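The next block is run-v3.pdb, given as PDB, C-alpha atoms and all ligand atoms.
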ATOM      1  CA  MET A 561     -20.463   6.145   0.497
ATOM      2  CA  MET A 562     -19.103   3.533   2.906
ATOM      3  CA  LYS A 563     -15.497   2.600   3.630
ATOM      4  CA  LYS A 564     -14.435  -0.055   1.152
ATOM      5  CA  THR A 565     -12.801  -3.198   2.462
ATOM      6  CA  ILE A 566     -11.257  -6.353   1.064
ATOM      7  CA  ALA A 567     -14.829  -7.729   1.062
ATOM      8  CA  THR A 568     -15.751  -5.015  -1.497
ATOM      9  CA  LEU A 569     -12.940  -6.176  -3.781
ATOM     10  CA  LEU A 570     -13.796  -9.842  -3.347
ATOM     11  CA  ALA A 571     -17.461  -9.168  -4.160
ATOM     12  CA  LYS A 572     -16.343  -7.375  -7.329
ATOM     13  CA  LYS A 573     -14.236 -10.344  -8.397
ATOM     14  CA  GLN A 574     -17.207 -12.643  -7.829
ATOM     15  CA  SER A 575     -19.629 -10.422  -9.766
ATOM     16  CA  GLY A 576     -17.135  -9.673 -12.544
ATOM     17  CA  GLU A 577     -17.112  -5.914 -11.834
ATOM     18  CA  LYS A 578     -13.620  -4.492 -12.376
ATOM     19  CA  ILE A 579     -11.643  -3.207  -9.388
ATOM     20  CA  THR A 580      -9.967   0.212  -9.644
ATOM     21  CA  MET A 581      -6.785   1.039  -7.764
ATOM     22  CA  LEU A 582      -4.443   4.039  -8.147
ATOM     23  CA  THR A 583      -1.328   5.074  -6.300
ATOM     24  CA  ALA A 584      -1.302   8.252  -4.218
ATOM     25  CA  TYR A 585       1.195   9.614  -1.751
ATOM     26  CA  ASP A 586      -0.363  12.802  -0.353
ATOM     27  CA  TYR A 587      -3.533  14.139   1.275
ATOM     28  CA  THR A 588      -4.802  16.330  -1.584
ATOM     29  CA  THR A 589      -4.465  13.716  -4.317
ATOM     30  CA  ALA A 590      -5.961  10.987  -2.123
ATOM     31  CA  LYS A 591      -8.958  13.215  -1.356
ATOM     32  CA  ILE A 592      -9.608  13.865  -5.065
ATOM     33  CA  MET A 593      -9.295  10.154  -5.932
ATOM     34  CA  ASP A 594     -11.630   9.265  -3.065
ATOM     35  CA  GLU A 595     -14.186  11.805  -4.282
ATOM     36  CA  CYS A 596     -14.019  10.152  -7.718
ATOM     37  CA  GLY A 597     -14.877   6.795  -6.143
ATOM     38  CA  VAL A 598     -11.709   4.775  -6.763
ATOM     39  CA  ASP A 599     -11.967   1.428  -4.926
ATOM     40  CA  SER A 600      -8.488   1.386  -3.505
ATOM     41  CA  ILE A 601      -5.473   3.651  -3.075
ATOM     42  CA  LEU A 602      -2.023   2.098  -2.998
ATOM     43  CA  VAL A 603       0.630   4.108  -1.202
ATOM     44  CA  GLY A 604       3.281   2.503  -3.378
ATOM     45  CA  ASP A 605       6.985   2.516  -2.670
ATOM     46  CA  SER A 606       7.098   3.974  -6.195
ATOM     47  CA  LEU A 607       6.989   7.181  -4.136
ATOM     48  CA  GLY A 608      10.766   6.771  -3.999
ATOM     49  CA  MET A 609      10.899   7.701  -7.666
ATOM     50  CA  VAL A 610       7.883   9.913  -8.304
ATOM     51  CA  MET A 611       7.890  11.861  -5.015
ATOM     52  CA  LEU A 612      11.478  11.692  -3.771
ATOM     53  CA  GLY A 613      13.447  11.510  -7.031
ATOM     54  CA  TYR A 614      15.369   8.286  -6.354
ATOM     55  CA  GLU A 615      16.416   6.065  -9.234
ATOM     56  CA  ASN A 616      14.464   3.075  -7.920
ATOM     57  CA  THR A 617      12.384   1.990  -4.909
ATOM     58  CA  LEU A 618      15.268   0.532  -2.902
ATOM     59  CA  PRO A 619      16.155   3.592  -0.748
ATOM     60  CA  VAL A 620      12.566   4.033   0.525
ATOM     61  CA  THR A 621      12.350   3.751   4.327
ATOM     62  CA  MET A 622       9.615   2.795   6.769
ATOM     63  CA  GLU A 623       9.566   6.435   7.880
ATOM     64  CA  ASP A 624       8.815   7.538   4.280
ATOM     65  CA  MET A 625       6.022   4.965   4.025
ATOM     66  CA  VAL A 626       4.443   5.779   7.393
ATOM     67  CA  ARG A 627       4.423   9.522   6.720
ATOM     68  CA  HIS A 628       2.945   9.276   3.208
ATOM     69  CA  THR A 629       0.448   6.588   4.219
ATOM     70  CA  ALA A 630      -0.813   8.766   7.078
ATOM     71  CA  ALA A 631      -1.265  11.714   4.667
ATOM     72  CA  VAL A 632      -3.266   9.525   2.267
ATOM     73  CA  ALA A 633      -5.339   8.087   5.123
ATOM     74  CA  ARG A 634      -6.301  11.620   6.203
ATOM     75  CA  GLY A 635      -7.483  12.378   2.657
ATOM     76  CA  ALA A 636      -9.316   9.187   1.673
ATOM     77  CA  LYS A 637     -12.498   8.370   3.587
ATOM     78  CA  ASP A 638     -13.892   5.549   1.475
ATOM     79  CA  ALA A 639     -11.082   3.980  -0.538
ATOM     80  CA  TRP A 640      -9.386   0.851   0.785
ATOM     81  CA  ILE A 641      -5.844   1.982   1.621
ATOM     82  CA  VAL A 642      -2.963  -0.394   0.984
ATOM     83  CA  ALA A 643       0.573   0.576   2.040
ATOM     84  CA  ASP A 644       3.673  -0.912   0.478
ATOM     85  CA  MET A 645       6.267  -2.524   2.705
ATOM     86  CA  PRO A 646       9.593  -1.014   1.590
ATOM     87  CA  PHE A 647      12.738  -2.926   0.661
ATOM     88  CA  MET A 648      14.268  -4.718   3.682
ATOM     89  CA  SER A 649      11.273  -4.080   5.950
ATOM     90  CA  TYR A 650      10.100  -7.713   5.595
ATOM     91  CA  GLN A 651      12.876  -9.693   3.839
ATOM     92  CA  THR A 652      15.093  -9.666   6.952
ATOM     93  CA  SER A 653      12.827 -11.735   9.243
ATOM     94  CA  VAL A 654       9.255 -12.741   9.969
ATOM     95  CA  GLN A 655       9.404 -10.656  13.142
ATOM     96  CA  ASP A 656      10.502  -7.534  11.219
ATOM     97  CA  ALA A 657       7.698  -8.152   8.729
ATOM     98  CA  VAL A 658       4.978  -8.291  11.402
ATOM     99  CA  TYR A 659       6.419  -5.313  13.300
ATOM    100  CA  ASN A 660       6.686  -3.106  10.179
ATOM    101  CA  ALA A 661       3.288  -4.163   8.811
ATOM    102  CA  GLY A 662       1.866  -3.203  12.202
ATOM    103  CA  ARG A 663       3.408   0.270  11.961
ATOM    104  CA  LEU A 664       1.775   0.908   8.575
ATOM    105  CA  ILE A 665      -1.598   0.066  10.135
ATOM    106  CA  LYS A 666      -1.136   1.726  13.560
ATOM    107  CA  GLU A 667       0.830   4.851  12.579
ATOM    108  CA  GLY A 668      -0.036   5.069   8.878
ATOM    109  CA  GLY A 669      -3.736   4.278   9.106
ATOM    110  CA  ALA A 670      -3.666   1.795   6.187
ATOM    111  CA  GLN A 671      -6.176  -1.042   6.046
ATOM    112  CA  ALA A 672      -3.764  -3.480   4.380
ATOM    113  CA  VAL A 673      -0.115  -3.879   3.448
ATOM    114  CA  LYS A 674       1.555  -5.117   0.269
ATOM    115  CA  LEU A 675       4.844  -6.948  -0.111
ATOM    116  CA  GLU A 676       6.708  -8.310  -3.113
ATOM    117  CA  GLY A 677       7.567 -11.931  -3.818
ATOM    118  CA  GLY A 678       6.140 -15.442  -4.012
ATOM    119  CA  ALA A 679       7.169 -18.631  -2.238
ATOM    120  CA  GLU A 680      10.100 -16.896  -0.487
ATOM    121  CA  VAL A 681       7.815 -14.493   1.449
ATOM    122  CA  CYS A 682       4.980 -16.895   2.317
ATOM    123  CA  GLU A 683       6.170 -17.243   5.906
ATOM    124  CA  GLN A 684       5.994 -13.469   6.281
ATOM    125  CA  ILE A 685       2.520 -13.328   4.681
ATOM    126  CA  ARG A 686       1.245 -16.051   7.045
ATOM    127  CA  ALA A 687       2.571 -14.208  10.099
ATOM    128  CA  ILE A 688       1.225 -10.796   9.065
ATOM    129  CA  VAL A 689      -2.191 -12.289   8.274
ATOM    130  CA  ASN A 690      -2.117 -14.052  11.672
ATOM    131  CA  ALA A 691      -1.734 -10.589  13.183
ATOM    132  CA  ALA A 692      -5.086  -9.703  11.529
ATOM    133  CA  ILE A 693      -3.499  -7.489   8.866
ATOM    134  CA  PRO A 694      -4.847  -8.021   5.332
ATOM    135  CA  THR A 695      -1.875  -8.609   3.052
ATOM    136  CA  VAL A 696      -1.647  -8.037  -0.685
ATOM    137  CA  ALA A 697       1.040 -10.000  -2.517
ATOM    138  CA  HIS A 698       2.889  -8.824  -5.651
ATOM    139  CA  VAL A 699       4.373 -11.219  -8.226
ATOM    140  CA  GLY A 700       5.890 -10.987 -11.711
ATOM    141  CA  LEU A 701       7.999  -7.885 -12.257
ATOM    142  CA  THR A 702       8.667  -6.985  -8.637
ATOM    143  CA  PRO A 703      10.579  -3.659  -8.693
ATOM    144  CA  GLN A 704      12.455  -4.287  -5.423
ATOM    145  CA  SER A 705      14.253  -7.110  -7.300
ATOM    146  CA  VAL A 706      15.522  -4.738 -10.023
ATOM    147  CA  ASN A 707      19.157  -5.636  -9.346
ATOM    148  CA  ALA A 708      18.438  -9.372  -9.384
ATOM    149  CA  PHE A 709      16.459  -9.028 -12.656
ATOM    150  CA  GLY A 710      19.118  -6.793 -14.236
ATOM    151  CA  GLY A 711      16.548  -4.121 -15.099
ATOM    152  CA  TYR A 712      12.790  -3.723 -15.437
ATOM    153  CA  LYS A 713      11.997  -6.601 -17.785
ATOM    154  CA  VAL A 714       8.700  -8.337 -18.489
ATOM    155  CA  GLN A 715       8.688 -11.577 -16.490
ATOM    156  CA  GLY A 716       7.133 -14.965 -17.252
ATOM    157  CA  LYS A 717       7.875 -15.093 -20.963
ATOM    158  CA  THR A 718       9.390 -18.588 -20.859
ATOM    159  CA  LEU A 719       7.584 -21.761 -19.798
ATOM    160  CA  ALA A 720       9.754 -22.157 -16.690
ATOM    161  CA  GLU A 721       9.238 -18.545 -15.591
ATOM    162  CA  ALA A 722       5.503 -18.669 -16.321
ATOM    163  CA  LYS A 723       5.151 -21.853 -14.232
ATOM    164  CA  ARG A 724       7.074 -20.280 -11.351
ATOM    165  CA  ILE A 725       4.936 -17.138 -11.357
ATOM    166  CA  LEU A 726       1.721 -19.206 -11.505
ATOM    167  CA  LEU A 727       2.968 -21.325  -8.605
ATOM    168  CA  ASP A 728       3.984 -18.187  -6.665
ATOM    169  CA  ALA A 729       0.494 -16.747  -7.104
ATOM    170  CA  MET A 730      -1.061 -19.973  -5.824
ATOM    171  CA  LYS A 731       1.326 -20.107  -2.877
ATOM    172  CA  VAL A 732       0.687 -16.529  -1.737
ATOM    173  CA  GLN A 733      -3.060 -17.202  -1.858
ATOM    174  CA  GLU A 734      -2.542 -20.358   0.195
ATOM    175  CA  ALA A 735      -0.433 -18.348   2.683
ATOM    176  CA  GLY A 736      -3.402 -16.044   3.250
ATOM    177  CA  ALA A 737      -2.870 -13.084   0.878
ATOM    178  CA  CYS A 738      -6.187 -11.310   0.305
ATOM    179  CA  ALA A 739      -5.276 -10.056  -3.199
ATOM    180  CA  VAL A 740      -2.307 -10.150  -5.533
ATOM    181  CA  VAL A 741      -0.763  -7.557  -7.822
ATOM    182  CA  LEU A 742       0.398  -9.022 -11.146
ATOM    183  CA  GLU A 743       3.024  -6.762 -12.696
ATOM    184  CA  GLY A 744       4.771  -6.930 -16.066
ATOM    185  CA  ILE A 745       3.699 -10.373 -17.281
ATOM    186  CA  PRO A 746       2.049 -11.623 -20.489
ATOM    187  CA  ALA A 747      -1.727 -11.117 -20.475
ATOM    188  CA  GLN A 748      -2.373 -14.823 -21.127
ATOM    189  CA  LEU A 749      -0.460 -15.754 -17.966
ATOM    190  CA  ALA A 750      -2.363 -13.120 -15.956
ATOM    191  CA  ASN A 751      -5.637 -14.591 -17.275
ATOM    192  CA  VAL A 752      -4.711 -18.117 -16.184
ATOM    193  CA  ILE A 753      -3.734 -16.818 -12.709
ATOM    194  CA  THR A 754      -6.905 -14.725 -12.419
ATOM    195  CA  GLN A 755      -9.130 -17.659 -13.350
ATOM    196  CA  GLY A 756      -7.261 -20.029 -11.046
ATOM    197  CA  LEU A 757      -7.343 -17.890  -7.889
ATOM    198  CA  THR A 758     -10.241 -17.091  -5.569
ATOM    199  CA  ILE A 759      -8.565 -13.818  -4.421
ATOM    200  CA  PRO A 760      -8.684 -10.710  -6.662
ATOM    201  CA  THR A 761      -5.808 -10.033  -9.068
ATOM    202  CA  ILE A 762      -4.848  -6.404  -9.722
ATOM    203  CA  GLY A 763      -2.870  -5.948 -12.915
ATOM    204  CA  ILE A 764      -0.265  -3.433 -14.024
ATOM    205  CA  GLY A 765       1.213  -4.314 -17.385
ATOM    206  CA  ALA A 766      -0.648  -7.637 -17.200
ATOM    207  CA  GLY A 767      -3.461  -7.119 -19.717
ATOM    208  CA  ASN A 768      -7.166  -6.538 -19.194
ATOM    209  CA  GLY A 769      -8.158  -9.985 -17.962
ATOM    210  CA  CYS A 770      -7.200  -9.221 -14.345
ATOM    211  CA  ASP A 771      -9.917  -8.565 -11.757
ATOM    212  CA  GLY A 772      -8.727  -4.966 -11.493
ATOM    213  CA  GLN A 773      -6.072  -2.488 -12.597
ATOM    214  CA  VAL A 774      -3.592  -0.247 -10.849
ATOM    215  CA  LEU A 775      -1.538   2.607 -12.289
ATOM    216  CA  VAL A 776       0.966   5.028 -10.836
ATOM    217  CA  TYR A 777      -0.766   8.408 -10.587
ATOM    218  CA  GLN A 778       2.060  10.437 -12.144
ATOM    219  CA  ASP A 779       2.159   8.047 -15.122
ATOM    220  CA  MET A 780      -1.570   8.055 -15.859
ATOM    221  CA  MET A 781      -1.876  11.824 -15.412
ATOM    222  CA  GLY A 782       0.984  12.603 -17.810
ATOM    223  CA  LEU A 783       3.288  14.086 -15.169
ATOM    224  CA  ASN A 784       6.321  11.967 -15.919
ATOM    225  CA  ASP A 785       9.137  12.937 -18.201
ATOM    226  CA  GLY A 786      11.086  10.544 -20.322
ATOM    227  CA  HIS A 787      10.321   6.917 -21.004
ATOM    228  CA  VAL A 788       6.659   5.963 -20.623
ATOM    229  CA  PRO A 789       6.258   2.171 -20.365
ATOM    230  CA  LYS A 790       4.031   0.428 -22.944
ATOM    231  CA  PHE A 791       1.414  -0.498 -20.317
ATOM    232  CA  VAL A 792       0.793   3.126 -19.282
ATOM    233  CA  LYS A 793      -2.127   5.047 -20.701
ATOM    234  CA  GLN A 794      -2.052   8.802 -20.104
ATOM    235  CA  PHE A 795      -5.622   9.671 -19.123
ATOM    236  CA  ALA A 796      -4.838  13.384 -18.722
ATOM    237  CA  ASP A 797      -2.044  15.836 -19.493
ATOM    238  CA  LEU A 798      -1.469  17.441 -16.109
ATOM    239  CA  LYS A 799       2.089  18.438 -16.963
ATOM    240  CA  THR A 800       0.873  20.765 -19.723
ATOM    241  CA  ALA A 801      -1.900  22.125 -17.483
ATOM    242  CA  MET A 802       0.573  22.744 -14.622
ATOM    243  CA  LYS A 803       3.101  24.402 -16.908
ATOM    244  CA  GLN A 804       0.419  26.706 -18.322
ATOM    245  CA  GLY A 805      -0.617  27.734 -14.792
ATOM    246  CA  ILE A 806       2.928  28.264 -13.555
ATOM    247  CA  GLU A 807       3.975  30.239 -16.660
ATOM    248  CA  ALA A 808       0.863  32.443 -16.384
ATOM    249  CA  TYR A 809       1.703  33.131 -12.706
ATOM    250  CA  ILE A 810       5.306  34.067 -13.558
ATOM    251  CA  GLN A 811       4.209  36.371 -16.367
ATOM    252  CA  GLU A 812       1.463  38.166 -14.392
ATOM    253  CA  THR A 813       3.698  38.565 -11.328
ATOM    254  CA  GLN A 814       6.532  39.945 -13.439
ATOM    255  CA  GLU A 815       4.283  42.415 -15.264
ATOM    256  CA  GLY A 816       2.510  43.433 -12.019
ATOM    257  CA  THR A 817      -1.007  42.364 -12.997
ATOM    258  CA  PHE A 818      -1.081  39.809 -10.158
ATOM    259  CA  PRO A 819      -2.336  40.348  -7.504
ATOM    260  CA  ALA A 820      -5.258  42.290  -8.995
ATOM    261  CA  GLU A 821      -7.889  44.206  -6.994
ATOM    262  CA  GLU A 822      -9.910  41.042  -6.278
ATOM    263  CA  GLN A 823      -6.900  39.411  -4.599
ATOM    264  CA  THR A 824      -6.064  42.498  -2.512
ATOM    265  CA  TYR A 825      -7.051  43.471   1.082
ATOM    266  CA  ARG A 826      -7.962  47.136   1.770
ATOM    267  CA  PHE A 827      -8.517  49.194   4.934
ATOM    268  CA  PRO A 828     -12.183  49.641   5.934
ATOM    269  CA  ASP A 829     -13.744  53.093   5.262
ATOM    270  CA  GLY A 830     -12.384  55.860   7.445
ATOM    271  CA  VAL A 831      -9.186  54.124   8.525
ATOM    272  CA  ILE A 832      -7.191  55.869   5.800
ATOM    273  CA  ASP A 833      -8.349  59.286   7.110
ATOM    274  CA  MET A 834      -7.408  58.292  10.668
ATOM    275  CA  LEU A 835      -3.992  57.104   9.559
ATOM    276  CA  LYS A 836      -3.509  60.400   7.703
ATOM    277  CA  MET A 837      -4.522  62.338  10.831
ATOM    278  CA  GLU A 838      -1.951  60.360  12.824
ATOM    279  CA  GLY A 839       0.616  61.278  10.205
ATOM    280  CA  LEU A 840       1.149  57.648   9.290
ATOM    281  CA  LEU A 841       0.130  58.072   5.670
TER
HETATM  282  O1  LIG B   1       4.962   0.885  -5.792
HETATM  283  C1  LIG B   1       4.002   0.836  -6.575
HETATM  284  O2  LIG B   1       3.471   1.851  -7.025
HETATM  285  C2  LIG B   1       3.512  -0.476  -6.956
HETATM  286  C3  LIG B   1       2.591  -0.540  -8.136
HETATM  287  C4  LIG B   1       3.363  -0.330  -9.367
HETATM  288  C5  LIG B   1       1.817  -1.805  -8.142
HETATM  289  O3  LIG B   1       3.872  -1.448  -6.361
END
Could you take the file, read its structure, and then write that structure out as structure tokens?
Amino acid sequence: MMKKTIATLLAKKQSGEKITMLTAYDYTTAKIMDECGVDSILVGDSLGMVMLGYENTLPVTMEDMVRHTAAVARGAKDAWIVADMPFMSYQTSVQDAVYNAGRLIKEGGAQAVKLEGGAEVCEQIRAIVNAAIPTVAHVGLTPQSVNAFGGYKVQGKTLAEAKRILLDAMKVQEAGACAVVLEGIPAQLANVITQGLTIPTIGIGAGNGCDGQVLVYQDMMGLNDGHVPKFVKQFADLKTAMKQGIEAYIQETQEGTFPAEEQTYRFPDGVIDMLKMEGLL
């Protein structure tokens, strides 16, 4: 297999083959996803919630993103690795945006970065792309705007909102974005955007008309407690599998059946006799 690039994703859009993207935040998971042949791994700032236990993505730092991106990059040989730019790493200035995008490439080993927003971040997108860093945009329900939205609500349900999101998608393409994530919008709007753009659209809660899909790993593997959003499909039940393994370990350790003979090291022949002769046994 060869390292996938933005050209791989673009070719898929043109041929109508669906693009697959999943989030990962660590070496082991990235390696497994890569072995399965996923096109792209997103080191999402969702790591704030699913890896670090924060309430939302806002506390995530550049240090968090660099460290987790580097772990994923060590695990994934072929997948195209996209790293999220965390809250306030690009909103503050164009210079900050280029500097922090550069860190995710240089120190994190990502092949592209992703930032949230439409018209208001086009200057940043232009500058990052000018620095030869492929940039994925993200419009619709952009989680870093949770406070401005007043919660995680589907966006683009009114004519005015739908027009703004469509315009945002066109503007980020014009600014040089190489792909765009469409999150939490009506499927019909995602279809119009997908048909209108030349760059690939990757949907999450945006229906099946997008050029590709992305899901948060913990959601799609059934590892999350509590509320599961409507757009999530649980493709496996890892929580049950993990609980079974952990409970079996606790039980066998408590009853003394683990470790068994096959997990135990023994002296080679003769050493016991020598130890006995030395009075050590
Ligand atoms: O942070 C993330 O995981 C994301 C996806 C939900 C697209 O941005």
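Using only C-alpha atoms, the protein and nucleic acid residues lying no more than 10 Å from Asn784 of chain A, apart from those fewer than 2 places from it along its own chain, are Val610, Tyr777, Gln778, Asp779, Met780, Met781, Gly782, Gly786, His787, Val788, Gln794, Asp797, Leu798 and Lys799 of chain A.
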- Item | Option closest in space to ligand LIG 1 (chain B), from A:Ile592, A:Ile764, A:Ile601, A:Val654 [counting only C-alpha atoms and all ligand atoms] | A:Ile764
- Message: Taking all atoms listed in the file into account, which residues have an atom no farther than 8 Å from ligand LIG 1 (chain B)? I'd like them as a PyMOL selection string.
- Response: chain A and resi 583+602-607+617+644+674+698+702-703+741-743+763-764+774-776
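Proximity ranking of A:Glu721, A:Asp833, A:Glu676, A:Glu667 relative to His628 of chain A places A:Glu667 first, based on all atoms listed in the file.
Around Cys596 of chain A, within 12 Å and counting only C-alpha atoms, the residues found are Met561, Thr580, Met581, Leu582, Thr589, Ala590, Lys591, Ile592, Ser600, Ile601, Ala636, Lys637, Asp638 and Ala639 of chain A, once anything fewer than 4 positions away on its own chain is removed.
Here, the PyMOL selection byres (((chain A and resi 672) around 7) and not hetatm) matches Ile641, Val642, Ala643, Ala670, Gln671, Val673, Lys674, Ile693, Pro694 and Thr695 of chain A.
When atom CA of Ala697 of chain A is paired with atom CA of Glu595 of chain A, their separation reads 26.7 Å.
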- Item | Test item: the PyMOL selection byres (((chain A and resi 726) around 9) and not hetatm) resolved as a ChimeraX atom specification | /A:716,721-725,727-731,749-750,752-753
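Coordinates place atom CA of Asp594 of chain A at a distance of 24.6 Å from atom CA of Ala766 of chain A.
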